[in-house]
file query39.txt (compact mmCIF, C-alpha atoms (C1' of nucleotides))
# COMPACT_ATOMS: atom_id res chain seq x y z
CA MET L 1 8.75 -13.05 -31.25
CA THR L 2 11.00 -16.10 -31.43
CA PRO L 3 8.46 -18.80 -30.65
CA THR L 4 10.90 -21.44 -31.84
CA ALA L 5 12.26 -23.95 -29.33
CA GLU L 6 11.09 -22.53 -26.00
CA ALA L 7 9.04 -25.38 -24.59
CA THR L 8 11.97 -26.99 -22.82
CA ALA L 9 12.31 -28.69 -19.45
CA GLN L 10 8.85 -29.99 -18.86
CA GLY L 11 8.69 -33.70 -18.16
CA GLY L 12 9.27 -34.17 -14.45
CA THR L 13 11.52 -37.19 -14.67
CA THR L 14 13.47 -37.31 -17.91
CA PRO L 15 14.33 -41.04 -17.82
CA ALA L 16 18.05 -41.05 -18.43
CA ALA L 17 19.14 -37.52 -19.31
CA PRO L 18 22.93 -37.75 -19.26
CA ALA L 19 23.93 -34.12 -18.90
CA GLY L 20 21.13 -32.37 -16.96
CA PRO L 21 19.85 -32.59 -13.37
CA ALA L 22 16.24 -32.12 -14.54
CA GLU L 23 16.11 -28.29 -14.24
CA ARG L 24 12.55 -27.69 -13.13
CA SER L 25 10.80 -24.47 -13.95
CA TRP L 26 7.50 -22.82 -13.06
CA THR L 27 5.01 -20.54 -14.74
CA VAL L 28 3.46 -17.65 -12.83
CA GLY L 29 0.28 -19.57 -12.18
CA GLU L 30 2.03 -22.68 -10.93
CA LEU L 31 4.28 -20.78 -8.59
CA ALA L 32 1.47 -18.58 -7.35
CA ASP L 33 -0.62 -21.61 -6.52
CA GLU L 34 2.24 -23.32 -4.78
CA LEU L 35 3.10 -20.28 -2.70
CA GLY L 36 -0.49 -19.35 -1.95
CA ILE L 37 -0.32 -15.93 -3.57
CA THR L 38 -1.71 -14.46 -6.77
CA THR L 39 -0.05 -13.87 -10.08
CA ARG L 40 -0.63 -10.20 -9.53
CA THR L 41 1.56 -10.36 -6.47
CA LEU L 42 4.33 -12.06 -8.39
CA ARG L 43 4.24 -9.44 -11.11
CA PHE L 44 4.18 -6.74 -8.49
CA TYR L 45 7.25 -8.12 -6.76
CA GLU L 46 9.01 -8.21 -10.09
CA ALA L 47 8.10 -4.60 -10.82
CA GLU L 48 9.49 -3.72 -7.40
CA GLY L 49 12.77 -5.43 -8.21
CA LEU L 50 12.44 -8.26 -5.73
CA ILE L 51 12.71 -11.00 -8.33
CA ALA L 52 13.74 -11.20 -11.95
CA PRO L 53 12.56 -14.42 -13.54
CA ALA L 54 13.78 -15.44 -16.97
CA ARG L 55 11.54 -15.02 -19.98
CA ALA L 56 10.46 -17.42 -22.68
CA GLY L 57 9.45 -14.86 -25.23
CA SER L 58 7.31 -12.67 -23.02
CA ALA L 59 6.21 -15.33 -20.55
CA ARG L 60 7.87 -15.48 -17.15
CA VAL L 61 9.84 -18.61 -16.31
CA TYR L 62 10.78 -19.15 -12.68
CA ASP L 63 13.53 -21.50 -11.57
CA HIS L 64 14.62 -22.89 -8.22
CA ARG L 65 16.56 -19.79 -7.31
CA ASP L 66 13.52 -17.61 -7.92
CA ARG L 67 11.37 -19.95 -5.90
CA THR L 68 13.76 -19.94 -2.97
CA ARG L 69 13.96 -16.18 -3.09
CA LEU L 70 10.19 -15.93 -3.11
CA ARG L 71 9.88 -18.13 -0.06
CA LEU L 72 12.36 -15.91 1.69
CA ILE L 73 10.34 -12.87 0.75
CA LEU L 74 7.12 -14.37 2.03
CA ARG L 75 8.80 -15.44 5.21
CA GLY L 76 9.94 -11.89 5.76
CA LYS L 77 6.46 -10.59 5.12
CA ARG L 78 4.94 -13.02 7.56
CA PHE L 79 6.66 -11.36 10.43
CA GLY L 80 6.14 -7.80 9.42
CA MET L 81 8.91 -6.60 7.16
CA SER L 82 8.06 -4.11 4.46
CA LEU L 83 8.87 -4.97 0.87
CA SER L 84 11.68 -2.42 0.77
CA GLU L 85 13.28 -3.92 3.85
CA ILE L 86 12.97 -7.32 2.28
CA ARG L 87 14.49 -6.10 -0.94
CA GLU L 88 17.43 -4.79 0.97
CA ILE L 89 18.06 -8.19 2.45
CA VAL L 90 17.53 -10.34 -0.62
CA ASP L 91 19.78 -8.03 -2.59
CA MET L 92 22.48 -8.83 -0.10
CA TYR L 93 22.30 -12.48 -1.00
CA ASP L 94 23.62 -11.47 -4.38
CA GLY L 95 26.06 -8.98 -2.96
CA ALA L 96 27.71 -11.61 -0.78
CA ALA L 97 29.42 -12.97 -3.86
CA SER L 98 31.23 -9.68 -4.31
CA SER L 99 34.97 -9.41 -4.35
CA GLU L 100 35.40 -5.83 -3.21
CA ARG L 101 36.55 -5.45 0.34
CA ARG L 102 34.67 -2.22 0.98
CA GLN L 103 31.39 -3.62 -0.25
CA LEU L 104 31.76 -6.76 1.80
CA GLU L 105 32.51 -4.77 4.89
CA THR L 106 29.51 -2.48 4.67
CA LEU L 107 27.40 -5.54 3.93
CA LEU L 108 28.65 -7.27 7.05
CA ALA L 109 27.93 -4.19 9.11
CA ARG L 110 24.39 -4.04 7.78
CA LEU L 111 23.91 -7.72 8.49
CA ASP L 112 24.94 -7.05 12.07
CA GLU L 113 22.28 -4.37 12.37
CA ILE L 114 19.71 -6.71 10.96
CA THR L 115 20.71 -9.44 13.37
CA THR L 116 20.34 -7.03 16.26
CA ASP L 117 16.89 -6.10 15.06
CA LEU L 118 15.89 -9.71 14.62
CA THR L 119 17.06 -10.50 18.12
CA ALA L 120 14.89 -7.73 19.47
CA ARG L 121 11.94 -9.09 17.59
CA GLN L 122 12.62 -12.48 19.03
CA ARG L 123 12.39 -11.03 22.52
CA ASP L 124 9.15 -9.27 21.60
CA LEU L 125 7.76 -12.53 20.40
CA GLU L 126 8.72 -14.32 23.58
CA ARG L 127 7.08 -11.63 25.67
CA ILE L 128 3.89 -11.82 23.68
CA MET L 129 3.81 -15.56 23.97
CA ALA L 130 4.36 -15.29 27.69
CA GLU L 131 1.52 -12.82 28.03
CA VAL L 132 -0.83 -14.85 25.91
CA GLY L 133 0.11 -17.80 28.08
CA GLU L 134 -0.74 -15.81 31.19
CA VAL L 135 -4.16 -14.89 29.89
CA ALA L 136 -4.77 -18.50 29.00
CA GLN L 137 -3.81 -19.49 32.53
CA GLN L 138 -6.23 -16.94 33.95
CA CYS L 139 -8.94 -18.47 31.80
CA ARG L 140 -8.18 -21.92 33.07
CA ASP L 141 -8.18 -20.69 36.66
CA ARG L 142 -11.57 -19.09 36.23
CA LEU L 143 -12.95 -22.17 34.55
CA ALA L 144 -11.74 -24.23 37.48
CA GLN L 145 -13.42 -21.86 39.91
CA LEU L 146 -16.70 -22.45 38.13
CA SER L 147 -16.17 -26.00 39.39
CA MET S 148 -18.10 22.54 29.03
CA THR S 149 -17.54 21.92 32.74
CA PRO S 150 -14.10 23.41 33.07
CA THR S 151 -14.44 23.44 36.86
CA ALA S 152 -12.09 21.32 38.94
CA GLU S 153 -10.44 19.15 36.30
CA ALA S 154 -6.75 19.85 36.79
CA THR S 155 -6.19 16.92 39.12
CA ALA S 156 -3.27 14.57 39.55
CA GLN S 157 -0.47 16.73 38.26
CA GLY S 158 2.37 17.23 40.75
CA GLY S 159 4.67 14.26 40.34
CA THR S 160 5.25 13.71 44.06
CA THR S 161 2.43 14.93 46.25
CA PRO S 162 4.47 15.26 49.48
CA ALA S 163 2.47 13.20 51.95
CA ALA S 164 -0.78 12.13 50.37
CA PRO S 165 -2.16 9.67 52.89
CA ALA S 166 -4.68 7.73 50.80
CA GLY S 167 -3.19 7.47 47.29
CA PRO S 168 -0.29 5.51 45.76
CA ALA S 169 0.57 8.50 43.55
CA GLU S 170 -1.59 7.52 40.53
CA ARG S 171 0.45 8.77 37.63
CA SER S 172 -1.23 9.94 34.47
CA TRP S 173 -0.11 11.05 31.02
CA THR S 174 -1.28 13.52 28.41
CA VAL S 175 -1.29 12.55 24.74
CA GLY S 176 1.93 14.39 24.08
CA GLU S 177 3.77 12.87 27.00
CA LEU S 178 2.74 9.36 26.16
CA ALA S 179 3.42 9.82 22.46
CA ASP S 180 6.94 11.04 23.24
CA GLU S 181 7.58 8.20 25.61
CA LEU S 182 6.36 5.55 23.19
CA GLY S 183 8.00 7.10 20.16
CA ILE S 184 4.78 7.63 18.25
CA THR S 185 2.70 10.68 17.35
CA THR S 186 -0.41 12.05 18.99
CA ARG S 187 -2.21 11.36 15.75
CA THR S 188 -1.47 7.68 16.15
CA LEU S 189 -2.84 7.69 19.69
CA ARG S 190 -6.05 9.35 18.58
CA PHE S 191 -6.28 6.94 15.69
CA TYR S 192 -5.95 3.93 17.95
CA GLU S 193 -8.67 5.34 20.13
CA ALA S 194 -10.96 5.84 17.15
CA GLU S 195 -10.28 2.22 16.22
CA GLY S 196 -11.29 1.05 19.67
CA LEU S 197 -7.87 -0.12 20.77
CA ILE S 198 -7.71 2.16 23.79
CA ALA S 199 -10.17 4.27 25.73
CA PRO S 200 -8.38 6.79 27.91
CA ALA S 201 -10.28 8.78 30.50
CA ARG S 202 -11.13 12.40 29.85
CA ALA S 203 -10.58 15.54 31.86
CA GLY S 204 -13.16 17.67 30.16
CA SER S 205 -12.22 17.01 26.57
CA ALA S 206 -8.54 16.27 27.12
CA ARG S 207 -7.39 12.68 27.12
CA VAL S 208 -5.88 11.31 30.31
CA TYR S 209 -3.94 8.07 30.11
CA ASP S 210 -3.19 5.89 33.12
CA HIS S 211 -0.92 2.92 33.71
CA ARG S 212 -3.36 0.46 32.25
CA ASP S 213 -3.60 2.47 29.03
CA ARG S 214 0.15 2.70 28.86
CA THR S 215 0.62 -1.02 29.33
CA ARG S 216 -1.97 -1.72 26.71
CA LEU S 217 -0.26 0.64 24.29
CA ARG S 218 3.07 -1.08 24.76
CA LEU S 219 1.38 -4.36 24.01
CA ILE S 220 -0.11 -2.90 20.88
CA LEU S 221 3.21 -1.56 19.67
CA ARG S 222 4.90 -4.85 20.44
CA GLY S 223 2.34 -6.59 18.29
CA LYS S 224 2.87 -4.12 15.48
CA ARG S 225 6.61 -4.58 15.61
CA PHE S 226 6.35 -8.13 14.46
CA GLY S 227 3.67 -7.67 11.87
CA MET S 228 0.22 -7.95 13.34
CA SER S 229 -2.53 -5.80 11.88
CA LEU S 230 -4.44 -3.47 14.14
CA SER S 231 -7.55 -5.62 13.95
CA GLU S 232 -5.60 -8.69 15.01
CA ILE S 233 -4.13 -6.70 17.84
CA ARG S 234 -7.53 -5.44 18.88
CA GLU S 235 -8.75 -9.00 19.02
CA ILE S 236 -5.99 -9.90 21.43
CA VAL S 237 -6.09 -6.89 23.71
CA ASP S 238 -9.85 -7.25 23.97
CA MET S 239 -9.23 -10.71 25.32
CA TYR S 240 -7.27 -9.28 28.20
CA ASP S 241 -10.52 -7.76 29.33
CA GLY S 242 -12.53 -10.84 28.46
CA ALA S 243 -10.39 -13.07 30.62
CA ALA S 244 -12.14 -11.64 33.66
CA SER S 245 -15.42 -13.04 32.40
CA SER S 246 -17.47 -15.47 34.40
CA GLU S 247 -19.33 -17.20 31.63
CA ARG S 248 -18.13 -20.68 30.85
CA ARG S 249 -18.92 -20.53 27.15
CA GLN S 250 -17.09 -17.27 26.67
CA LEU S 251 -14.04 -18.47 28.55
CA GLU S 252 -13.93 -21.62 26.49
CA THR S 253 -14.05 -19.92 23.10
CA LEU S 254 -11.46 -17.49 24.37
CA LEU S 255 -9.15 -20.33 25.36
CA ALA S 256 -9.61 -21.95 21.98
CA ARG S 257 -8.72 -18.69 20.24
CA LEU S 258 -5.68 -18.29 22.46
CA ASP S 259 -4.55 -21.74 21.36
CA GLU S 260 -4.81 -20.72 17.73
CA ILE S 261 -2.82 -17.62 18.43
CA THR S 262 -0.15 -19.59 20.22
CA THR S 263 0.15 -21.92 17.26
CA ASP S 264 0.55 -18.95 14.95
CA LEU S 265 3.13 -17.37 17.19
CA THR S 266 5.11 -20.59 17.29
CA ALA S 267 5.14 -20.68 13.52
CA ARG S 268 6.40 -17.13 13.44
CA GLN S 269 9.11 -18.06 15.87
CA ARG S 270 10.31 -20.74 13.48
CA ASP S 271 10.23 -18.27 10.60
CA LEU S 272 12.34 -15.92 12.62
CA GLU S 273 14.87 -18.60 13.45
CA ARG S 274 15.16 -19.55 9.80
CA ILE S 275 15.70 -15.98 8.76
CA MET S 276 18.33 -15.49 11.40
CA ALA S 277 20.05 -18.64 10.29
CA GLU S 278 20.07 -17.49 6.70
CA VAL S 279 21.30 -14.03 7.55
CA GLY S 280 24.01 -15.74 9.58
CA GLU S 281 24.99 -17.83 6.58
CA VAL S 282 25.32 -14.81 4.36
CA ALA S 283 27.43 -13.13 7.01
CA GLN S 284 29.66 -16.19 7.13
CA GLN S 285 30.06 -16.10 3.36
CA CYS S 286 31.13 -12.50 3.65
CA ARG S 287 33.71 -13.33 6.26
CA ASP S 288 35.02 -16.19 4.15
CA ARG S 289 35.42 -13.96 1.15
CA LEU S 290 37.09 -11.28 3.21
CA ALA S 291 39.52 -13.89 4.48
CA GLN S 292 40.29 -15.00 0.93
CA LEU S 293 41.24 -11.44 0.07
CA SER S 294 43.95 -12.07 2.68
C1' DC U 295 -3.70 41.11 27.80
C1' DG U 296 -1.35 39.00 24.03
C1' DA U 297 1.72 35.34 22.54
C1' DC U 298 2.57 30.62 22.75
C1' DA U 299 2.29 25.84 23.90
C1' DT U 300 -0.78 22.18 24.05
C1' DG U 301 -5.03 20.25 23.63
C1' DT U 302 -9.54 19.19 20.66
C1' DT U 303 -12.27 17.57 16.37
C1' DG U 304 -12.99 17.04 11.49
C1' DA U 305 -11.52 16.57 6.70
C1' DC U 306 -8.55 15.39 3.32
C1' DG U 307 -3.92 13.58 1.50
C1' DT U 308 -0.45 9.75 1.16
C1' DT U 309 2.02 5.41 1.02
C1' DT U 310 2.08 0.43 0.74
C1' DA U 311 0.61 -3.72 -1.22
C1' DC U 312 -1.84 -5.46 -3.70
C1' DG U 313 -7.10 -6.34 -6.36
C1' DT U 314 -9.69 -5.66 -10.45
C1' DC U 315 -10.81 -4.90 -14.92
C1' DA U 316 -9.76 -4.19 -20.02
C1' DA U 317 -7.61 -5.36 -24.25
C1' DC U 318 -4.58 -8.22 -26.28
C1' DG U 319 -1.30 -12.44 -27.81
C1' DT U 320 -0.44 -17.70 -27.80
C1' DT U 321 -0.76 -22.39 -27.66
C1' DA U 322 -4.13 -26.87 -26.96
C1' DA U 323 -8.41 -28.98 -27.67
C1' DG U 324 -12.56 -29.98 -30.10
C1' DC M 325 -11.36 -22.34 -37.27
C1' DT M 326 -13.44 -21.17 -33.04
C1' DT M 327 -13.23 -21.61 -28.21
C1' DA M 328 -10.96 -21.86 -23.88
C1' DA M 329 -7.13 -21.59 -20.82
C1' DC M 330 -3.29 -19.12 -19.60
C1' DG M 331 -0.13 -15.63 -20.43
C1' DT M 332 1.09 -10.37 -21.24
C1' DT M 333 0.95 -5.12 -20.18
C1' DG M 334 -1.30 -0.93 -18.62
C1' DA M 335 -4.63 1.68 -15.90
C1' DC M 336 -7.40 2.38 -12.23
C1' DG M 337 -9.46 1.10 -7.52
C1' DT M 338 -8.89 0.16 -2.55
C1' DA M 339 -8.00 -0.89 2.46
C1' DA M 340 -4.93 0.04 6.24
C1' DA M 341 -2.39 3.18 8.90
C1' DC M 342 -1.33 6.96 9.61
C1' DG M 343 0.33 12.38 8.11
C1' DT M 344 -1.07 17.03 7.38
C1' DC M 345 -3.76 21.02 7.83
C1' DA M 346 -7.43 24.02 9.34
C1' DA M 347 -10.11 26.07 12.91
C1' DC M 348 -10.93 26.28 17.44
C1' DA M 349 -10.58 26.07 23.00
C1' DT M 350 -7.66 26.43 27.18
C1' DG M 351 -3.92 27.35 30.28
C1' DT M 352 0.30 29.98 31.32
C1' DC M 353 4.17 32.94 31.09
C1' DG M 354 6.01 37.59 30.82

call {"tool": "encode", "arguments": {"input": "query39.txt", "output": "structure tokens"}}
result
Amino acid sequence: MTPTAEATAQGGTTPAAPAGPAERSWTVGELADELGITTRTLRFYEAEGLIAPARAGSARVYDHRDRTRLRLILRGKRFGMSLSEIREIVDMYDGAASSERRQLETLLARLDEITTDLTARQRDLERIMAEVGEVAQQCRDRLAQLS
Amino acid sequence: MTPTAEATAQGGTTPAAPAGPAERSWTVGELADELGITTRTLRFYEAEGLIAPARAGSARVYDHRDRTRLRLILRGKRFGMSLSEIREIVDMYDGAASSERRQLETLLARLDEITTDLTARQRDLERIMAEVGEVAQQCRDRLAQLS
DNA sequence: CGACATGTTGACGTTTACGTCAACGTTAAG
DNA sequence: CTTAACGTTGACGTAAACGTCAACATGTCG
């Protein structure tokens, strides 16, 4: 329904648009390509409440905010967070604009926990890198021994 | 079968054993408790070829090497590696004792790749921490505004 | 000697994070 | 107007990483 004037904001560089900072938008396919994921994944994340792109009729329309959020999500994934953990965090980005003291305080407390966890992970990472480095050194030593 | 003299190495502190540095060993349950995982997980890792504990009859007997390896495995898991990736790495720990030039060289190359990946993850982590820190700061600002 | 704790091997169930169709609507080109 | 490209919503399949349960052996305490 309503297929009237939906095809807005397309031309990359609107020459001299006086009242708009060239609001770029993406389709599922475009964004999926750019992020190196599939459209299925994007729809899945939406169903899981991780993102909520606008719609042009029934088609999804992603903006900069969505894109940023997605990159955050993928970054979280890359170092082992589950989608529900990620959702918890990205939801906080919205919650930080709250104006209720109680809500802000519990949010801050949770952020502290997360920071603690992240710090621990950082240490884990350093240890792993150190150990990988050790093994590499052993390799080099052995190679040297083989003159 | 062969349930003869298997119950070795039990008493924590053999009073004055002259020729042994008190080789400690663990049962599945003990090790699972210590590592905060279940016995099922330990058996699963074994089936997947990640560890190969000794046997006393049919019972599994883990030594220090197994325990170290397990901690490595869990460390890897904690920051998002799959079990097959982990297996690849822990196998290298054994491979580093090789004496074949070719093998050592491919191993070193792989270790370089891994290091690159780990470095990338480190950056991801730093970014996430920075962003979480920003959100926390926003919270504090808003709390301050509520005087 | 019987109960109980702990071990063993299957075999099957479950959750997460998507992949893979199928069936359909909508512009864009030829 | 047909075809093709891209979008939509289900519905079902799947691989990884265990959990759960059954059926059994073994050692030990009272």

call {"tool": "residues_around", "arguments": {"input": "query39.txt", "residues": "region 233-239 of chain S", "least_positions_apart": "3", "cutoff": "9 Å", "atoms": "all atoms listed in the file", "output": "list in words"}}
result
Val132 and Val135 of chain L; Glu195, Gly196, Leu197, Arg216, Leu219, Ile220, Gly223, Lys224, Met228, Ser229, Leu230, Gly242, Ala243, Ala244, Leu254, Leu258 and Ile261 of chain S

call {"tool": "calpha_fit_and_write", "arguments": {"input": "query39.txt", "fixed": "chain L", "moving": "chain S", "output": "mmCIF file with C-alpha atoms, keeping the file's coordinate frame"}}
result
data_model
loop_
_atom_site.group_PDB
_atom_site.id
_atom_site.type_symbol
_atom_site.label_atom_id
_atom_site.label_comp_id
_atom_site.auth_asym_id
_atom_site.auth_seq_id
_atom_site.Cartn_x
_atom_site.Cartn_y
_atom_site.Cartn_z
ATOM 1 C CA MET S 148 8.085 -12.408 -31.271
ATOM 2 C CA THR S 149 10.414 -15.393 -31.634
ATOM 3 C CA PRO S 150 7.971 -18.142 -30.834
ATOM 4 C CA THR S 151 10.379 -20.734 -32.235
ATOM 5 C CA ALA S 152 11.806 -23.369 -29.919
ATOM 6 C CA GLU S 153 10.796 -22.051 -26.507
ATOM 7 C CA ALA S 154 8.827 -24.924 -25.020
ATOM 8 C CA THR S 155 11.798 -26.434 -23.225
ATOM 9 C CA ALA S 156 12.107 -28.169 -19.890
ATOM 10 C CA GLN S 157 8.589 -29.439 -19.462
ATOM 11 C CA GLY S 158 8.358 -33.207 -18.945
ATOM 12 C CA GLY S 159 8.864 -33.800 -15.248
ATOM 13 C CA THR S 160 11.145 -36.819 -15.655
ATOM 14 C CA THR S 161 13.065 -36.865 -18.902
ATOM 15 C CA PRO S 162 13.777 -40.633 -18.958
ATOM 16 C CA ALA S 163 17.540 -40.770 -19.360
ATOM 17 C CA ALA S 164 18.877 -37.301 -19.973
ATOM 18 C CA PRO S 165 22.619 -37.796 -19.727
ATOM 19 C CA ALA S 166 23.845 -34.247 -19.103
ATOM 20 C CA GLY S 167 21.184 -32.557 -16.942
ATOM 21 C CA PRO S 168 20.087 -32.905 -13.300
ATOM 22 C CA ALA S 169 16.450 -32.409 -14.344
ATOM 23 C CA GLU S 170 16.335 -28.592 -13.937
ATOM 24 C CA ARG S 171 12.809 -28.003 -12.773
ATOM 25 C CA SER S 172 11.011 -24.813 -13.649
ATOM 26 C CA TRP S 173 7.699 -23.198 -12.749
ATOM 27 C CA THR S 174 5.153 -20.998 -14.470
ATOM 28 C CA VAL S 175 3.586 -18.085 -12.608
ATOM 29 C CA GLY S 176 0.440 -20.029 -11.890
ATOM 30 C CA GLU S 177 2.238 -23.075 -10.584
ATOM 31 C CA LEU S 178 4.471 -21.102 -8.301
ATOM 32 C CA ALA S 179 1.639 -18.891 -7.095
ATOM 33 C CA ASP S 180 -0.404 -21.972 -6.186
ATOM 34 C CA GLU S 181 2.495 -23.580 -4.424
ATOM 35 C CA LEU S 182 3.334 -20.485 -2.405
ATOM 36 C CA GLY S 183 -0.263 -19.601 -1.659
ATOM 37 C CA ILE S 184 -0.152 -16.220 -3.349
ATOM 38 C CA THR S 185 -1.598 -14.815 -6.569
ATOM 39 C CA THR S 186 0.042 -14.297 -9.928
ATOM 40 C CA ARG S 187 -0.565 -10.606 -9.459
ATOM 41 C CA THR S 188 1.643 -10.656 -6.397
ATOM 42 C CA LEU S 189 4.421 -12.397 -8.310
ATOM 43 C CA ARG S 190 4.287 -9.836 -11.088
ATOM 44 C CA PHE S 191 4.207 -7.076 -8.521
ATOM 45 C CA TYR S 192 7.300 -8.371 -6.780
ATOM 46 C CA GLU S 193 9.045 -8.512 -10.108
ATOM 47 C CA ALA S 194 8.079 -4.931 -10.897
ATOM 48 C CA GLU S 195 9.486 -3.970 -7.501
ATOM 49 C CA GLY S 196 12.782 -5.644 -8.293
ATOM 50 C CA LEU S 197 12.495 -8.429 -5.755
ATOM 51 C CA ILE S 198 12.770 -11.214 -8.306
ATOM 52 C CA ALA S 199 13.800 -11.482 -11.930
ATOM 53 C CA PRO S 200 12.620 -14.741 -13.444
ATOM 54 C CA ALA S 201 13.837 -15.826 -16.853
ATOM 55 C CA ARG S 202 11.572 -15.509 -19.856
ATOM 56 C CA ALA S 203 10.508 -17.966 -22.507
ATOM 57 C CA GLY S 204 9.414 -15.466 -25.084
ATOM 58 C CA SER S 205 7.230 -13.284 -22.922
ATOM 59 C CA ALA S 206 6.215 -15.913 -20.382
ATOM 60 C CA ARG S 207 7.926 -15.949 -17.022
ATOM 61 C CA VAL S 208 9.952 -19.012 -16.106
ATOM 62 C CA TYR S 209 10.933 -19.476 -12.483
ATOM 63 C CA ASP S 210 13.740 -21.759 -11.350
ATOM 64 C CA HIS S 211 14.857 -23.073 -7.981
ATOM 65 C CA ARG S 212 16.749 -19.940 -7.118
ATOM 66 C CA ASP S 213 13.673 -17.797 -7.759
ATOM 67 C CA ARG S 214 11.579 -20.128 -5.679
ATOM 68 C CA THR S 215 13.987 -20.048 -2.768
ATOM 69 C CA ARG S 216 14.145 -16.306 -2.948
ATOM 70 C CA LEU S 217 10.364 -16.078 -2.957
ATOM 71 C CA ARG S 218 10.095 -18.230 0.136
ATOM 72 C CA LEU S 219 12.560 -15.944 1.831
ATOM 73 C CA ILE S 220 10.502 -12.956 0.840
ATOM 74 C CA LEU S 221 7.296 -14.458 2.161
ATOM 75 C CA ARG S 222 9.010 -15.470 5.373
ATOM 76 C CA GLY S 223 10.092 -11.891 5.843
ATOM 77 C CA LYS S 224 6.590 -10.636 5.181
ATOM 78 C CA ARG S 225 5.117 -13.048 7.677
ATOM 79 C CA PHE S 226 6.811 -11.333 10.538
ATOM 80 C CA GLY S 227 6.296 -7.782 9.429
ATOM 81 C CA MET S 228 9.048 -6.596 7.158
ATOM 82 C CA SER S 229 8.169 -4.169 4.392
ATOM 83 C CA LEU S 230 8.979 -5.070 0.826
ATOM 84 C CA SER S 231 11.761 -2.508 0.669
ATOM 85 C CA GLU S 232 13.379 -3.944 3.779
ATOM 86 C CA ILE S 233 13.080 -7.375 2.271
ATOM 87 C CA ARG S 234 14.575 -6.205 -0.988
ATOM 88 C CA GLU S 235 17.517 -4.825 0.915
ATOM 89 C CA ILE S 236 18.165 -8.208 2.456
ATOM 90 C CA VAL S 237 17.664 -10.421 -0.563
ATOM 91 C CA ASP S 238 19.899 -8.125 -2.580
ATOM 92 C CA MET S 239 22.593 -8.844 -0.049
ATOM 93 C CA TYR S 240 22.438 -12.517 -0.865
ATOM 94 C CA ASP S 241 23.748 -11.561 -4.260
ATOM 95 C CA GLY S 242 26.172 -9.020 -2.864
ATOM 96 C CA ALA S 243 27.820 -11.558 -0.614
ATOM 97 C CA ALA S 244 29.587 -12.963 -3.656
ATOM 98 C CA SER S 245 31.339 -9.646 -4.140
ATOM 99 C CA SER S 246 35.082 -9.331 -4.147
ATOM 100 C CA GLU S 247 35.444 -5.745 -3.082
ATOM 101 C CA ARG S 248 36.595 -5.257 0.467
ATOM 102 C CA ARG S 249 34.684 -2.039 1.044
ATOM 103 C CA GLN S 250 31.429 -3.501 -0.172
ATOM 104 C CA LEU S 251 31.808 -6.618 1.929
ATOM 105 C CA GLU S 252 32.524 -4.546 4.990
ATOM 106 C CA THR S 253 29.485 -2.294 4.704
ATOM 107 C CA LEU S 254 27.425 -5.376 4.010
ATOM 108 C CA LEU S 255 28.679 -7.038 7.180
ATOM 109 C CA ALA S 256 27.918 -3.922 9.174
ATOM 110 C CA ARG S 257 24.375 -3.846 7.800
ATOM 111 C CA LEU S 258 23.948 -7.523 8.592
ATOM 112 C CA ASP S 259 24.923 -6.759 12.177
ATOM 113 C CA GLU S 260 22.241 -4.105 12.392
ATOM 114 C CA ILE S 261 19.712 -6.511 11.022
ATOM 115 C CA THR S 262 20.714 -9.167 13.504
ATOM 116 C CA THR S 263 20.279 -6.712 16.344
ATOM 117 C CA ASP S 264 16.822 -5.842 15.076
ATOM 118 C CA LEU S 265 15.884 -9.470 14.710
ATOM 119 C CA THR S 266 17.011 -10.185 18.248
ATOM 120 C CA ALA S 267 14.806 -7.397 19.507
ATOM 121 C CA ARG S 268 11.887 -8.844 17.615
ATOM 122 C CA GLN S 269 12.590 -12.203 19.143
ATOM 123 C CA ARG S 270 12.275 -10.681 22.595
ATOM 124 C CA ASP S 271 9.031 -8.982 21.598
ATOM 125 C CA LEU S 272 7.705 -12.295 20.449
ATOM 126 C CA GLU S 273 8.654 -14.011 23.678
ATOM 127 C CA ARG S 274 6.938 -11.310 25.695
ATOM 128 C CA ILE S 275 3.788 -11.588 23.665
ATOM 129 C CA MET S 276 3.756 -15.329 24.019
ATOM 130 C CA ALA S 277 4.245 -14.996 27.729
ATOM 131 C CA GLU S 278 1.366 -12.577 27.998
ATOM 132 C CA VAL S 279 -0.928 -14.677 25.867
ATOM 133 C CA GLY S 280 0.032 -17.587 28.103
ATOM 134 C CA GLU S 281 -0.913 -15.586 31.175
ATOM 135 C CA VAL S 282 -4.314 -14.748 29.801
ATOM 136 C CA ALA S 283 -4.839 -18.396 28.957
ATOM 137 C CA GLN S 284 -3.925 -19.319 32.515
ATOM 138 C CA GLN S 285 -6.426 -16.803 33.856
ATOM 139 C CA CYS S 286 -9.063 -18.413 31.701
ATOM 140 C CA ARG S 287 -8.252 -21.841 33.022
ATOM 141 C CA ASP S 288 -8.341 -20.561 36.586
ATOM 142 C CA ARG S 289 -11.740 -19.035 36.086
ATOM 143 C CA LEU S 290 -13.034 -22.160 34.420
ATOM 144 C CA ALA S 291 -11.819 -24.151 37.402
ATOM 145 C CA GLN S 292 -13.610 -21.800 39.788
ATOM 146 C CA LEU S 293 -16.848 -22.473 37.951
ATOM 147 C CA SER S 294 -16.227 -26.025 39.198
#

call {"tool": "atom_distance", "arguments": {"input": "query39.txt", "atom1": "CA of Cys286 (chain S)", "atom2": "CA of Asp94 (chain L)"}}
result
11.0 Å

call {"tool": "atom_distance", "arguments": {"input": "query39.txt", "atom1": "C1' of DT333 (chain M)", "atom2": "C1' of DA311 (chain U)"}}
result
19.0 Å

call {"tool": "atom_distance", "arguments": {"input": "query39.txt", "atom1": "CA of Phe79 (chain L)", "atom2": "CA of Leu178 (chain S)"}}
result
26.3 Å

call {"tool": "closest_residue", "arguments": {"input": "query39.txt", "among": "L:Gln138, L:Thr27, L:Thr68, L:Thr116", "to": "chain S", "atoms": "all atoms listed in the file"}}
result
L:Gln138
